[in-house]
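query39.cif follows; it contains mmCIF, C-alpha atoms; chains and numbers go by the auth columns.
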```cif
data_input
loop_
_atom_site.group_PDB
_atom_site.id
_atom_site.type_symbol
_atom_site.label_atom_id
_atom_site.label_comp_id
_atom_site.label_asym_id
_atom_site.label_seq_id
_atom_site.Cartn_x
_atom_site.Cartn_y
_atom_site.Cartn_z
_atom_site.B_iso_or_equiv
_atom_site.auth_seq_id
_atom_site.auth_asym_id
ATOM 1 C CA MET A 1 0.000 0.000 0.000 0.00 1 X
ATOM 2 C CA THR A 2 2.806 2.432 0.760 0.00 2 X
ATOM 3 C CA PHE A 3 4.236 1.933 -2.666 0.00 3 X
ATOM 4 C CA SER A 4 0.820 2.533 -4.183 0.00 4 X
ATOM 5 C CA ARG A 5 0.361 5.779 -2.220 0.00 5 X
ATOM 6 C CA SER A 6 3.803 7.017 -3.265 0.00 6 X
ATOM 7 C CA LYS A 7 2.996 6.192 -6.839 0.00 7 X
ATOM 8 C CA SER A 8 -0.329 8.042 -6.572 0.00 8 X
ATOM 9 C CA ALA A 9 1.342 11.039 -4.962 0.00 9 X
ATOM 10 C CA LEU A 10 3.959 11.039 -7.712 0.00 10 X
ATOM 11 C CA LEU A 11 1.275 10.934 -10.409 0.00 11 X
ATOM 12 C CA VAL A 12 -0.690 13.760 -8.770 0.00 12 X
ATOM 13 C CA SER A 13 2.493 15.824 -8.399 0.00 13 X
ATOM 14 C CA GLY A 14 3.359 15.205 -12.036 0.00 14 X
ATOM 15 C CA ALA A 15 -0.120 16.231 -13.130 0.00 15 X
ATOM 16 C CA VAL A 16 0.073 19.427 -11.070 0.00 16 X
ATOM 17 C CA LEU A 17 3.499 20.190 -12.527 0.00 17 X
ATOM 18 C CA LEU A 18 2.236 19.554 -16.055 0.00 18 X
ATOM 19 C CA LEU A 19 -0.744 21.863 -15.528 0.00 19 X
ATOM 20 C CA SER A 20 1.526 24.550 -14.068 0.00 20 X
ATOM 21 C CA VAL A 21 3.922 24.375 -17.006 0.00 21 X
ATOM 22 C CA THR A 22 1.038 24.448 -19.466 0.00 22 X
ATOM 23 C CA GLY A 23 -0.457 27.442 -17.653 0.00 23 X
ATOM 24 C CA CYS A 24 2.892 29.264 -17.723 0.00 24 X
ATOM 25 C CA ALA A 25 3.292 28.522 -21.414 0.00 25 X
ATOM 26 C CA THR A 26 -0.178 29.895 -22.092 0.00 26 X
ATOM 27 C CA ILE A 27 0.601 33.050 -20.132 0.00 27 X
ATOM 28 C CA ALA A 28 3.914 33.422 -21.974 0.00 28 X
ATOM 29 C CA ASP A 29 2.180 32.974 -25.335 0.00 29 X
ATOM 30 C CA THR A 30 -0.435 35.565 -24.387 0.00 30 X
ATOM 31 C CA ALA A 31 2.229 38.035 -23.254 0.00 31 X
ATOM 32 C CA SER A 32 4.243 37.449 -26.405 0.00 32 X
ATOM 33 C CA SER A 33 1.162 37.928 -28.567 0.00 33 X
ATOM 34 C CA ALA A 34 0.282 41.168 -26.746 0.00 34 X
ATOM 35 C CA ALA A 35 3.825 42.494 -27.170 0.00 35 X
ATOM 36 C CA SER A 36 3.818 41.600 -30.857 0.00 36 X
ATOM 37 C CA SER A 37 0.459 43.293 -31.327 0.00 37 X
ATOM 38 C CA ALA A 38 1.677 46.420 -29.545 0.00 38 X
ATOM 39 C CA ALA A 39 4.819 46.528 -31.694 0.00 39 X
ATOM 40 C CA THR A 40 2.738 46.172 -34.860 0.00 40 X
ATOM 41 C CA GLN A 41 0.406 48.963 -33.769 0.00 41 X
ATOM 42 C CA LEU A 42 3.371 51.198 -32.976 0.00 42 X
ATOM 43 C CA ALA A 43 4.970 50.513 -36.361 0.00 43 X
ATOM 44 C CA ASP A 44 1.675 51.152 -38.159 0.00 44 X
ATOM 45 C CA GLY A 45 1.258 54.413 -36.252 0.00 45 X
ATOM 46 C CA ALA A 46 4.774 55.508 -37.190 0.00 46 X
ATOM 47 C CA LYS A 47 4.129 54.699 -40.862 0.00 47 X
ATOM 48 C CA LYS A 48 0.888 56.687 -40.861 0.00 48 X
ATOM 49 C CA GLU A 49 2.645 59.649 -39.258 0.00 49 X
ATOM 50 C CA LEU A 50 5.428 59.510 -41.849 0.00 50 X
ATOM 51 C CA ILE A 51 2.828 59.402 -44.614 0.00 51 X
ATOM 52 C CA LYS A 52 1.075 62.443 -43.118 0.00 52 X
ATOM 53 C CA GLN A 53 4.352 64.365 -42.948 0.00 53 X
ATOM 54 C CA ALA A 54 5.329 63.427 -46.490 0.00 54 X
ATOM 55 C CA CYS A 55 1.903 64.301 -47.853 0.00 55 X
ATOM 56 C CA ALA A 56 1.266 67.514 -45.882 0.00 56 X
ATOM 57 C CA PRO A 57 3.166 69.835 -48.274 0.00 57 X
ATOM 58 C CA ILE A 58 1.047 68.769 -51.252 0.00 58 X
ATOM 59 C CA LYS A 59 -2.293 68.635 -49.457 0.00 59 X
ATOM 60 C CA ASP A 60 -3.616 71.493 -51.598 0.00 60 X
ATOM 61 C CA GLY A 61 -2.709 69.634 -54.808 0.00 61 X
ATOM 62 C CA THR A 62 0.193 71.871 -55.784 0.00 62 X
ATOM 63 C CA ILE A 63 3.908 71.821 -55.102 0.00 63 X
ATOM 64 C CA ASN A 64 5.801 75.083 -54.707 0.00 64 X
ATOM 65 C CA ALA A 65 9.553 75.501 -54.117 0.00 65 X
ATOM 66 C CA ALA A 66 9.217 75.211 -50.318 0.00 66 X
ATOM 67 C CA ASP A 67 7.038 72.096 -50.642 0.00 67 X
ATOM 68 C CA LEU A 68 9.527 70.566 -53.062 0.00 68 X
ATOM 69 C CA LYS A 69 12.350 71.112 -50.585 0.00 69 X
ATOM 70 C CA VAL A 70 10.398 69.371 -47.801 0.00 70 X
ATOM 71 C CA VAL A 71 9.292 66.495 -50.032 0.00 71 X
ATOM 72 C CA SER A 72 12.791 65.983 -51.435 0.00 72 X
ATOM 73 C CA SER A 73 14.271 65.864 -47.933 0.00 73 X
ATOM 74 C CA MET A 74 11.867 63.083 -46.960 0.00 74 X
ATOM 75 C CA VAL A 75 12.456 60.731 -49.897 0.00 75 X
ATOM 76 C CA ASP A 76 15.088 58.601 -48.126 0.00 76 X
ATOM 77 C CA ALA A 77 13.053 58.368 -44.914 0.00 77 X
ATOM 78 C CA VAL A 78 9.972 57.341 -46.857 0.00 78 X
ATOM 79 C CA ARG A 79 11.904 54.777 -48.881 0.00 79 X
ATOM 80 C CA GLU A 80 13.379 53.192 -45.739 0.00 80 X
ATOM 81 C CA GLY A 81 10.181 53.523 -43.718 0.00 81 X
ATOM 82 C CA GLY A 82 8.419 50.658 -45.436 0.00 82 X
ATOM 83 C CA LEU A 83 5.731 52.875 -46.903 0.00 83 X
ATOM 84 C CA PRO A 84 3.568 51.864 -49.850 0.00 84 X
ATOM 85 C CA GLN A 85 5.505 51.709 -53.125 0.00 85 X
ATOM 86 C CA GLU A 86 2.964 54.036 -54.721 0.00 86 X
ATOM 87 C CA ILE A 87 4.056 56.873 -52.395 0.00 87 X
ATOM 88 C CA VAL A 88 7.766 56.056 -52.639 0.00 88 X
ATOM 89 C CA SER A 89 7.636 56.040 -56.433 0.00 89 X
ATOM 90 C CA ALA A 90 5.642 59.274 -56.626 0.00 90 X
ATOM 91 C CA LEU A 91 7.976 61.047 -54.174 0.00 91 X
ATOM 92 C CA ASP A 92 11.009 59.839 -56.123 0.00 92 X
ATOM 93 C CA ASP A 93 9.505 61.270 -59.309 0.00 93 X
ATOM 94 C CA VAL A 94 8.678 64.585 -57.619 0.00 94 X
ATOM 95 C CA ALA A 95 12.195 64.881 -56.205 0.00 95 X
ATOM 96 C CA ALA A 96 13.739 63.988 -59.565 0.00 96 X
ATOM 97 C CA SER A 97 11.664 66.612 -61.379 0.00 97 X
ATOM 98 C CA GLY A 98 13.643 69.505 -59.962 0.00 98 X
ATOM 99 C CA ASP A 99 11.991 72.918 -59.794 0.00 99 X
ATOM 100 C CA ASP A 100 9.376 72.132 -62.424 0.00 100 X
ATOM 101 C CA VAL A 101 7.209 69.225 -61.265 0.00 101 X
ATOM 102 C CA PRO A 102 4.851 68.079 -64.047 0.00 102 X
ATOM 103 C CA ALA A 103 1.144 68.214 -63.243 0.00 103 X
ATOM 104 C CA ASP A 104 0.702 64.462 -63.776 0.00 104 X
ATOM 105 C CA VAL A 105 3.482 63.715 -61.262 0.00 105 X
ATOM 106 C CA GLN A 106 1.857 66.061 -58.743 0.00 106 X
ATOM 107 C CA ALA A 107 -1.508 64.414 -59.311 0.00 107 X
ATOM 108 C CA ARG A 108 0.013 60.945 -58.861 0.00 108 X
ATOM 109 C CA LEU A 109 1.519 61.981 -55.520 0.00 109 X
ATOM 110 C CA VAL A 110 -1.775 63.493 -54.352 0.00 110 X
ATOM 111 C CA THR A 111 -3.584 60.272 -55.323 0.00 111 X
ATOM 112 C CA ALA A 112 -0.944 58.104 -53.605 0.00 112 X
ATOM 113 C CA CYS A 113 -1.289 60.160 -50.429 0.00 113 X
ATOM 114 C CA ASP A 114 -5.079 59.988 -50.531 0.00 114 X
ATOM 115 C CA ASN A 115 -4.945 56.205 -51.000 0.00 115 X
ATOM 116 C CA ALA A 116 -2.456 55.723 -48.181 0.00 116 X
ATOM 117 C CA LEU A 117 -4.394 57.801 -45.668 0.00 117 X
ATOM 118 C CA VAL A 118 -7.708 56.022 -46.174 0.00 118 X
#
```

Would it be possible to restate this file's structure as structure tokens?
Amino acid sequence: MTFSRSKSALLVSGAVLLLSVTGCATIADTASSAASSAATQLADGAKKELIKQACAPIKDGTINAADLKVVSSMVDAVREGGLPQEIVSALDDVAASGDDVPADVQARLVTACDNALV
């Protein structure tokens, strides 16, 4: 009987340990998932803010010399910021146009900004 009780106690202890480990793993998974979600939300927020900053100078649909300077200074940040290719491409074209940005390039950037901020 003593052997049987020890065996039962060992089985119960093992079951408790297994449940504890499983519970800890679940808590760890939940914490990891929450941290990942928070990081994703932070990255998405940073991207949206970068889009707003890049698109602010052309909000009225035109690009003057001051706007062009701001937009051109942001091209590298936008390219490395993981923003939509539509915006990156349009900003590259605006920056490459120099002082005379064609109307179709301006319109493409305005459209790209509108699409990205939806």

For X:Lys48: contacts at 12 Å, only C-alpha atoms, fewer than 3 positions along chain excluded, given as a short mmCIF file (atom, residue, chain, number, x, y, z; two decimals) with C-alpha atoms, keeping the file's coordinate frame:
```
data_model
loop_
_atom_site.label_atom_id
_atom_site.label_comp_id
_atom_site.auth_asym_id
_atom_site.auth_seq_id
_atom_site.Cartn_x
_atom_site.Cartn_y
_atom_site.Cartn_z
CA GLN X 41 0.41 48.96 -33.77
CA LEU X 42 3.37 51.20 -32.98
CA ALA X 43 4.97 50.51 -36.36
CA ASP X 44 1.68 51.15 -38.16
CA GLY X 45 1.26 54.41 -36.25
CA ILE X 51 2.83 59.40 -44.61
CA LYS X 52 1.08 62.44 -43.12
CA GLN X 53 4.35 64.36 -42.95
CA ALA X 54 5.33 63.43 -46.49
CA CYS X 55 1.90 64.30 -47.85
CA ALA X 56 1.27 67.51 -45.88
CA VAL X 78 9.97 57.34 -46.86
CA GLY X 81 10.18 53.52 -43.72
CA GLY X 82 8.42 50.66 -45.44
CA LEU X 83 5.73 52.88 -46.90
CA PRO X 84 3.57 51.86 -49.85
CA ILE X 87 4.06 56.87 -52.40
CA CYS X 113 -1.29 60.16 -50.43
CA ASP X 114 -5.08 59.99 -50.53
CA ASN X 115 -4.94 56.20 -51.00
CA ALA X 116 -2.46 55.72 -48.18
CA LEU X 117 -4.39 57.80 -45.67
CA VAL X 118 -7.71 56.02 -46.17
#
```

Discussion item. Would you pick out the contacts of X:Ser73 at 12 Å or less, using only C-alpha atoms, so that residues sharing its chain but fewer than 3 positions from it are not included, and give the list as a ChimeraX atom specification?
Written reply: /X:53-54,57,66-70,76-79,91-92,94-96

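Here atom CA of X:Glu80 stands at a distance of 21.7 Å from atom CA of X:Ser37.
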
Discussion item. Could you list, as an NGL selection string, every residue matched by the PyMOL selection byres ((chain X and resi 62) around 12) in this structure?
Written reply: :X and (55-61 or 63-68 or 94 or 100-110)
